[in-house]
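start22.cif (mmCIF, C-alpha atoms) appears below.
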data_start
loop_
_atom_site.label_atom_id
_atom_site.label_comp_id
_atom_site.auth_asym_id
_atom_site.auth_seq_id
_atom_site.Cartn_x
_atom_site.Cartn_y
_atom_site.Cartn_z
CA MET A 1 -39.48 104.99 -70.00
CA SER A 2 -38.31 102.23 -67.65
CA LYS A 3 -35.61 101.28 -70.19
CA TYR A 4 -34.14 104.80 -70.13
CA PHE A 5 -34.37 104.86 -66.35
CA SER A 6 -32.36 101.63 -66.17
CA TYR A 7 -29.75 103.14 -68.52
CA CYS A 8 -29.48 106.23 -66.30
CA ALA A 9 -29.17 103.98 -63.24
CA LEU A 10 -26.27 102.10 -64.88
CA VAL A 11 -24.53 105.38 -65.73
CA ALA A 12 -25.00 106.51 -62.11
CA LYS A 13 -23.50 103.26 -60.81
CA GLY A 14 -20.57 103.70 -63.20
CA MET A 15 -20.06 107.25 -61.95
CA ALA A 16 -20.02 105.96 -58.36
CA MET A 17 -17.40 103.38 -59.37
CA GLY A 18 -15.30 106.07 -61.06
CA ALA A 19 -15.49 108.37 -58.04
CA ALA A 20 -14.37 105.51 -55.77
CA ASP A 21 -11.51 104.58 -58.10
CA VAL A 22 -10.06 108.09 -57.85
CA VAL A 23 -9.56 107.70 -54.08
CA PRO A 24 -6.61 105.57 -52.87
CA GLY A 25 -8.07 102.94 -50.53
CA VAL A 26 -11.53 102.64 -52.08
CA SER A 27 -12.34 100.12 -54.82
CA GLY A 28 -14.71 100.60 -57.73
CA GLY A 29 -15.27 96.85 -57.50
CA THR A 30 -16.80 97.43 -54.08
CA ILE A 31 -19.33 99.83 -55.58
CA ALA A 32 -20.09 97.39 -58.41
CA PHE A 33 -20.74 94.63 -55.90
CA ILE A 34 -23.06 96.54 -53.60
CA THR A 35 -25.01 98.01 -56.52
CA GLY A 36 -25.68 94.54 -57.88
CA ILE A 37 -23.83 94.76 -61.20
CA TYR A 38 -20.62 92.90 -60.30
CA ASP A 39 -21.42 89.50 -61.84
CA ARG A 40 -22.94 91.07 -64.94
CA LEU A 41 -19.87 93.28 -65.34
CA LEU A 42 -17.50 90.31 -65.15
CA ASN A 43 -19.59 88.28 -67.59
CA ALA A 44 -19.71 91.17 -70.06
CA LEU A 45 -15.95 91.69 -69.86
CA LYS A 46 -15.32 87.95 -70.17
CA SER A 47 -17.36 87.86 -73.38
CA VAL A 48 -14.88 90.22 -75.09
CA ASN A 49 -12.58 87.59 -76.60
CA PRO A 50 -11.49 86.28 -80.02
CA SER A 51 -14.74 84.28 -80.37
CA LEU A 52 -16.46 87.58 -81.18
CA LEU A 53 -14.82 87.44 -84.62
CA LYS A 54 -16.90 84.36 -85.43
CA VAL A 55 -20.01 86.07 -84.09
CA LEU A 56 -19.20 89.09 -86.26
CA SER A 57 -19.02 86.98 -89.41
CA ASN A 58 -22.23 85.10 -88.61
CA GLU A 59 -24.43 87.70 -86.93
CA GLY A 60 -22.82 91.03 -87.77
CA VAL A 61 -22.16 94.01 -85.52
CA ALA A 62 -25.57 93.71 -83.85
CA GLY A 63 -24.78 90.15 -82.79
CA VAL A 64 -21.41 91.18 -81.36
CA TRP A 65 -23.01 94.09 -79.48
CA GLN A 66 -25.61 91.79 -77.95
CA ARG A 67 -23.11 89.04 -77.09
CA MET A 68 -20.81 91.44 -75.22
CA ASP A 69 -23.72 93.24 -73.50
CA GLY A 70 -22.52 96.39 -75.22
CA THR A 71 -25.19 98.77 -73.96
CA PHE A 72 -24.46 97.75 -70.38
CA LEU A 73 -20.69 98.23 -70.80
CA LEU A 74 -21.22 101.56 -72.58
CA CYS A 75 -23.40 102.90 -69.77
CA VAL A 76 -21.17 101.68 -66.94
CA PHE A 77 -17.81 102.68 -68.41
CA GLY A 78 -19.27 105.89 -69.77
CA GLY A 79 -20.22 106.70 -66.20
CA VAL A 80 -16.79 105.65 -64.91
CA LEU A 81 -14.92 107.86 -67.39
CA THR A 82 -17.28 110.78 -66.86
CA SER A 83 -16.82 110.52 -63.12
CA ILE A 84 -13.03 110.25 -63.25
CA LEU A 85 -12.73 113.25 -65.57
CA SER A 86 -15.30 115.28 -63.64
CA PHE A 87 -14.51 114.38 -60.04
CA ALA A 88 -10.72 114.05 -60.15
CA HIS A 89 -10.48 117.71 -59.08
CA VAL A 90 -13.39 117.47 -56.62
CA ILE A 91 -12.19 114.31 -54.88
CA THR A 92 -8.63 115.57 -54.58
CA TRP A 93 -9.99 118.87 -53.19
CA PHE A 94 -11.99 117.04 -50.53
CA LEU A 95 -8.95 114.92 -49.70
CA ALA A 96 -6.95 118.10 -49.21
CA VAL A 97 -9.56 120.18 -47.33
CA TYR A 98 -11.94 117.75 -45.59
CA PRO A 99 -10.14 114.37 -45.62
CA GLU A 100 -11.68 113.23 -42.32
CA MET A 101 -15.24 113.49 -43.57
CA LEU A 102 -14.50 111.96 -46.97
CA TRP A 103 -12.66 108.99 -45.46
CA ALA A 104 -15.45 108.58 -42.88
CA PHE A 105 -17.99 108.23 -45.67
CA PHE A 106 -15.90 105.59 -47.41
CA PHE A 107 -15.20 103.82 -44.11
CA GLY A 108 -18.92 103.42 -43.53
CA LEU A 109 -19.42 102.36 -47.13
CA ILE A 110 -16.75 99.66 -47.01
CA LEU A 111 -17.82 98.42 -43.56
CA VAL A 112 -21.44 97.85 -44.53
CA SER A 113 -20.38 96.48 -47.93
CA GLY A 114 -18.20 93.90 -46.19
CA LEU A 115 -21.15 92.85 -44.03
CA HIS A 116 -23.26 92.66 -47.18
CA MET A 117 -20.71 90.36 -48.81
CA ILE A 118 -20.51 88.11 -45.75
CA ARG A 119 -24.21 87.39 -46.23
CA GLN A 120 -23.54 86.30 -49.82
CA VAL A 121 -21.45 83.33 -48.66
CA ASN A 122 -23.81 80.35 -48.67
CA ARG A 123 -21.85 78.05 -46.36
CA TRP A 124 -19.11 78.87 -43.87
CA HIS A 125 -16.50 76.19 -43.18
CA ALA A 126 -12.75 75.93 -42.53
CA GLY A 127 -11.89 76.82 -46.13
CA THR A 128 -14.07 79.95 -46.34
CA ILE A 129 -12.94 81.16 -42.91
CA THR A 130 -9.30 80.65 -43.95
CA MET A 131 -9.84 82.62 -47.16
CA LEU A 132 -11.54 85.40 -45.18
CA LEU A 133 -8.51 85.68 -42.89
CA VAL A 134 -6.06 85.46 -45.83
CA GLY A 135 -7.88 88.31 -47.56
CA MET A 136 -7.78 90.45 -44.42
CA VAL A 137 -4.04 89.84 -43.98
CA ILE A 138 -3.29 90.65 -47.64
CA ALA A 139 -5.32 93.87 -47.56
CA TYR A 140 -3.75 94.94 -44.26
CA ALA A 141 -0.24 94.15 -45.54
CA VAL A 142 -0.84 96.17 -48.72
CA GLY A 143 -2.17 99.01 -46.56
CA VAL A 144 0.99 99.28 -44.45
CA LEU A 145 3.48 98.94 -47.30
CA SER A 146 5.79 101.89 -47.81
CA PRO A 147 5.34 103.34 -51.29
CA THR A 148 8.07 102.87 -53.86
CA SER A 149 8.83 105.41 -56.55
CA LEU A 150 8.82 104.16 -60.14
CA GLU A 151 9.54 106.42 -63.07
CA PRO A 152 6.47 107.07 -65.29
CA GLU A 153 8.03 105.55 -68.40
CA PRO A 154 5.82 104.05 -71.15
CA LEU A 155 6.43 100.38 -70.29
CA THR A 156 6.03 101.07 -66.58
CA LEU A 157 2.78 102.95 -67.17
CA PHE A 158 1.44 100.10 -69.31
CA PHE A 159 2.06 97.41 -66.70
CA ALA A 160 0.92 99.74 -63.91
CA GLY A 161 -2.39 100.15 -65.75
CA ALA A 162 -2.77 96.38 -66.11
CA VAL A 163 -2.10 95.76 -62.40
CA ALA A 164 -4.16 98.70 -61.16
CA ILE A 165 -7.24 97.81 -63.20
CA CYS A 166 -7.17 94.27 -61.79
CA ALA A 167 -7.26 95.78 -58.31
CA MET A 168 -10.03 98.17 -59.34
CA ILE A 169 -12.44 95.31 -60.11
CA LEU A 170 -11.60 93.50 -56.88
CA PRO A 171 -13.82 94.60 -53.99
CA GLY A 172 -11.57 95.73 -51.17
CA ILE A 173 -8.39 96.60 -53.07
CA SER A 174 -8.07 100.01 -54.65
CA GLY A 175 -6.33 100.44 -57.98
CA SER A 176 -5.48 103.99 -56.99
CA PHE A 177 -3.81 102.69 -53.85
CA ILE A 178 -1.75 100.24 -55.91
CA LEU A 179 -0.65 103.20 -58.03
CA LEU A 180 0.27 105.05 -54.85
CA MET A 181 2.38 102.08 -53.75
CA MET A 182 4.18 102.24 -57.10
CA GLY A 183 4.69 105.98 -56.78
CA LEU A 184 2.62 106.57 -59.93
CA TYR A 185 -0.61 107.93 -58.45
CA GLY A 186 0.57 111.53 -58.81
CA PRO A 187 1.65 111.27 -62.46
CA VAL A 188 -1.54 109.43 -63.47
CA ILE A 189 -3.94 111.78 -61.65
CA ASP A 190 -2.03 114.74 -63.11
CA ALA A 191 -2.45 113.23 -66.57
CA VAL A 192 -6.20 113.00 -65.95
CA LYS A 193 -6.40 116.61 -64.77
CA ASN A 194 -4.29 117.93 -67.66
CA LEU A 195 -5.73 115.54 -70.28
CA ASP A 196 -2.24 114.28 -71.18
CA LEU A 197 -3.42 112.02 -74.00
CA VAL A 198 -0.10 110.23 -74.48
CA VAL A 199 0.17 109.12 -70.84
CA LEU A 200 -3.55 108.30 -70.69
CA ALA A 201 -3.37 106.25 -73.90
CA ILE A 202 -0.46 104.14 -72.65
CA PHE A 203 -1.98 103.68 -69.20
CA GLY A 204 -5.43 103.01 -70.70
CA THR A 205 -4.07 100.34 -73.05
CA GLY A 206 -2.59 98.53 -70.07
CA CYS A 207 -5.92 98.85 -68.26
CA VAL A 208 -7.83 97.31 -71.16
CA GLY A 209 -5.39 94.39 -71.44
CA GLY A 210 -5.45 93.70 -67.71
CA LEU A 211 -9.21 94.05 -67.46
CA LEU A 212 -10.02 91.66 -70.31
CA SER A 213 -7.57 89.00 -69.11
CA PHE A 214 -8.17 89.16 -65.35
CA SER A 215 -11.97 89.22 -65.72
CA HIS A 216 -11.81 85.65 -67.07
CA VAL A 217 -9.91 84.44 -64.02
CA LEU A 218 -12.17 86.19 -61.55
CA SER A 219 -15.34 85.09 -63.34
CA TRP A 220 -14.13 81.47 -63.31
CA LEU A 221 -13.38 81.64 -59.60
CA LEU A 222 -16.82 83.06 -58.81
CA LYS A 223 -18.46 80.37 -60.94
CA LYS A 224 -16.50 77.34 -59.72
CA HIS A 225 -15.56 78.36 -56.18
CA ARG A 226 -18.00 81.15 -55.36
CA ASP A 227 -18.02 80.83 -51.57
CA LEU A 228 -14.20 80.70 -51.37
CA ALA A 229 -13.85 83.64 -53.76
CA LEU A 230 -16.45 85.72 -51.92
CA SER A 231 -14.77 84.93 -48.60
CA LEU A 232 -11.43 86.13 -49.97
CA LEU A 233 -12.98 89.28 -51.43
CA THR A 234 -14.77 89.97 -48.14
CA GLY A 235 -11.48 89.66 -46.29
CA LEU A 236 -9.83 92.04 -48.75
CA MET A 237 -12.60 94.54 -48.14
CA LEU A 238 -12.62 94.33 -44.34
CA GLY A 239 -8.82 94.35 -44.22
CA ALA A 240 -8.84 97.65 -46.10
CA LEU A 241 -10.75 99.38 -43.28
CA GLY A 242 -7.52 100.25 -41.50
CA LYS A 243 -6.33 102.14 -44.56
CA VAL A 244 -9.48 104.28 -44.79
CA TRP A 245 -9.73 105.10 -41.06
CA PRO A 246 -10.40 108.87 -41.11
CA TRP A 247 -8.04 109.99 -38.34
CA LYS A 248 -4.33 109.46 -38.92
CA GLU A 249 -1.03 110.75 -37.64
CA THR A 250 1.53 111.40 -40.37
CA LEU A 251 4.90 109.88 -39.47
CA THR A 252 6.79 110.72 -42.66
CA SER A 253 5.99 112.78 -45.75
CA ARG A 254 7.07 112.95 -49.38
CA ILE A 255 7.11 115.52 -52.18
CA ASN A 256 4.68 114.66 -54.97
CA SER A 257 5.05 115.42 -58.69
CA ALA A 258 3.49 118.86 -58.14
CA GLY A 259 6.14 119.75 -55.57
CA GLU A 260 3.66 119.48 -52.68
CA GLN A 261 4.36 117.78 -49.37
CA VAL A 262 1.99 114.85 -48.88
CA PRO A 263 1.79 112.01 -46.28
CA LEU A 264 3.97 108.94 -46.91
CA ILE A 265 3.59 106.78 -43.80
CA GLN A 266 0.64 107.24 -41.43
CA THR A 267 -0.73 105.52 -38.34
CA ASN A 268 -4.34 105.42 -37.13
CA VAL A 269 -5.26 107.42 -34.02
CA SER A 270 -8.47 108.17 -32.13
CA PRO A 271 -10.42 111.34 -33.03
CA MET A 272 -9.46 112.91 -29.69
CA ASP A 273 -5.76 112.15 -30.15
CA TYR A 274 -6.01 113.41 -33.73
CA GLU A 275 -7.02 116.88 -32.54
CA MET A 276 -4.22 116.98 -29.97
CA ILE A 277 -1.56 115.71 -32.39
CA THR A 278 -2.48 117.71 -35.48
CA GLY A 279 -4.21 120.72 -33.98
CA GLN A 280 -6.91 120.22 -36.61
CA PRO A 281 -10.62 119.61 -35.93
CA ALA A 282 -11.64 115.94 -36.09
CA TYR A 283 -15.12 116.76 -37.43
CA LEU A 284 -16.31 113.84 -35.30
CA VAL A 285 -20.05 114.57 -35.49
CA GLU A 286 -19.97 115.24 -39.22
CA SER A 287 -17.82 112.16 -39.85
CA ILE A 288 -20.08 109.86 -37.83
CA GLY A 289 -23.05 111.34 -39.67
CA LEU A 290 -21.43 110.53 -43.01
CA MET A 291 -20.64 106.99 -41.86
CA ILE A 292 -24.29 106.51 -40.94
CA PHE A 293 -25.34 108.04 -44.26
CA ALA A 294 -23.09 105.59 -46.14
CA ILE A 295 -24.59 102.66 -44.23
CA ALA A 296 -28.12 103.92 -44.92
CA LEU A 297 -27.24 104.43 -48.58
CA VAL A 298 -26.09 100.83 -48.98
CA GLY A 299 -29.16 99.66 -47.07
CA ALA A 300 -31.39 101.60 -49.46
CA ILE A 301 -29.57 100.13 -52.48
CA GLU A 302 -30.03 96.61 -51.09
CA TRP A 303 -33.71 97.28 -50.38
CA LEU A 304 -34.31 98.59 -53.89
CA GLY A 305 -32.49 95.59 -55.31
CA SER A 306 -34.64 93.17 -53.31
CA LYS A 307 -37.82 94.91 -54.51
CA LYS A 308 -36.89 94.10 -58.11
CA HIS A 309 -36.74 90.37 -57.46
#
Represent the structure of the file as structure tokens.
Amino acid sequence: MSKYFSYCALVAKGMAMGAADVVPGVSGGTIAFITGIYDRLLNALKSVNPSLLKVLSNEGVAGVWQRMDGTFLLCVFGGVLTSILSFAHVITWFLAVYPEMLWAFFFGLILVSGLHMIRQVNRWHAGTITMLLVGMVIAYAVGVLSPTSLEPEPLTLFFAGAVAICAMILPGISGSFILLMMGLYGPVIDAVKNLDLVVLAIFGTGCVGGLLSFSHVLSWLLKKHRDLALSLLTGLMLGALGKVWPWKETLTSRINSAGEQVPLIQTNVSPMDYEMITGQPAYLVESIGLMIFAIALVGAIEWLGSKKH
């Protein structure tokens, strides 16, 4: 029974990662880190390499499945895909109708996750502090970039998938936000909604290539220079807080692929100023409540994780 419960827990964590990856500004890697599966995920992805051919000839399919931690990957990515296909409509609806409350939840989630990651750094020194600041600057710079507009051609979609998936497994940087910077978020999310298999296949192939190659680099960094890597990732996460601040004033807008007017460049404002500028309710009480809920949720996950050790 405990085995099936652990499988269900992995699927649930994958679904949380998928839901986060749908939202520009929130990273599925952040969810993987705070739920305690980040290192295992990287190791499993790193094990998918040409050496599996030798394992296949010596130990058969069962040996390959065990070497690549296949059940783990199946549960996690099954959850990710299920969540993306199921929640793409839900998340985009919340972004359209109650963006303040949704962003408030993710703000609290990222804030407490960043504090959680800070505690994972064993020793702070000039190098780790520098990497923390570098990460914050990079994340902030990415957050204030003005989006470009690339055409969703096959080669572009392939490389966009490779770049976006690398961001998705980095805590603090959102693959969806990278797509938004490229001007491809709309076409990709539309392909998910409409099950455009051609676009999804090209984009997905790029994702697989980027994921399998970048996981080796990231795994090596965490193994050889863990404190420096964690400091950089923490900076990336904390630097992204400005992007997910719930109350924003829209300075310029753009027309998306559906012909709808959506924000292009925004600046953060206080909840009080938000109501005066936009004429819309700030949902301050509800938003603060969701921030607190996110913090409590991460605290509960950490507590459950500590009980297992």
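For the set A:Pro50, A:Pro99, A:Gly29, A:Gly114, the residue with the smallest atom-to-atom gap to Ala240 of chain A is A:Gly114, counting all atoms listed in the file.
Applied to this file, the PyMOL selection byres ((chain A and resi 206) around 12) selects A:Pro154, A:Leu155, A:Thr156, A:Leu157, A:Phe158, A:Phe159, A:Ala160, A:Gly161, A:Ala162, A:Val163, A:Ala164, A:Ile165, A:Cys166, A:Val199, A:Leu200, A:Ala201, A:Ile202, A:Phe203, A:Gly204, A:Thr205, A:Cys207, A:Val208, A:Gly209, A:Gly210, A:Leu211, A:Leu212, A:Ser213, A:Phe214.
The neighbours of segment 39-49 of chain A here are the residues that come within 9 Å of it, using all atoms listed in the file and leaving out any residue fewer than 6 positions away in the same chain; they are Ala32, Phe33, Arg67, Met68, Asp69, Gly70, Phe72, Leu73, Val76, Ile169, Leu211, Leu212, Ser213, Phe214, Ser215, His216, Val217, Leu218, Ser219 and Leu222 of chain A.
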**OP:** Please evaluate the PyMOL selection byres ((chain A and resi 290) around 12) against the displayed coordinates and give the resulting residues as a list of chain:residue names.
**Re:** A:Glu100, A:Met101, A:Leu102, A:Trp103, A:Ala104, A:Phe105, A:Phe106, A:Phe107, A:Gly108, A:Leu109, A:Pro246, A:Tyr283, A:Leu284, A:Val285, A:Glu286, A:Ser287, A:Ile288, A:Gly289, A:Met291, A:Ile292, A:Phe293, A:Ala294, A:Ile295, A:Ala296, A:Leu297
Original post:
Rounded to one decimal in Å, what is the spacing between atom CA of Trp245 of chain A and atom CA of Met131 of chain A?
Top reply: 23.3 Å
Tell me which residues the PyMOL selection byres ((chain A and resi 128) around 9) grabs here, as a short mmCIF file (atom, residue, chain, number, x, y, z; two decimals) with C-alpha atoms, in the frame of the given file.
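Contents of out00.cif, freshly written:
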data_model
loop_
_atom_site.label_atom_id
_atom_site.label_comp_id
_atom_site.auth_asym_id
_atom_site.auth_seq_id
_atom_site.Cartn_x
_atom_site.Cartn_y
_atom_site.Cartn_z
CA VAL A 121 -21.45 83.33 -48.66
CA ARG A 123 -21.85 78.05 -46.36
CA TRP A 124 -19.11 78.87 -43.87
CA HIS A 125 -16.50 76.19 -43.18
CA ALA A 126 -12.75 75.93 -42.53
CA GLY A 127 -11.89 76.82 -46.13
CA ILE A 129 -12.94 81.16 -42.91
CA THR A 130 -9.30 80.65 -43.95
CA MET A 131 -9.84 82.62 -47.16
CA LEU A 132 -11.54 85.40 -45.18
CA LEU A 133 -8.51 85.68 -42.89
CA ASP A 227 -18.02 80.83 -51.57
CA LEU A 228 -14.20 80.70 -51.37
CA ALA A 229 -13.85 83.64 -53.76
CA LEU A 230 -16.45 85.72 -51.92
CA SER A 231 -14.77 84.93 -48.60
CA LEU A 232 -11.43 86.13 -49.97
#
Would you place a box with edges along x, y and z of the file around all atoms of segment 67-74 of chain A listed there, add 8 Å to each of its six sides, and report the centre and edge lengths in Å to one decimal, as JSON?
{"center_x": -22.9, "center_y": 95.3, "center_z": -73.7, "size_x": 20.5, "size_y": 28.5, "size_z": 22.7}
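One distance worth recording is that between atom CA of Ile91 of chain A and atom CA of Ile37 of chain A, which is 23.6 Å.
Minimum distance to Val23 of chain A across A:Ser174, A:Thr250, A:Thr71, A:Ser51 (counting all atoms listed in the file) occurs at A:Ser174.
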Subject >> Best match for closeness to Trp247 of chain A among A:Ile265, A:Tyr274, A:Lys223, A:Gly18, counting all atoms listed in the file >> reply: A:Tyr274
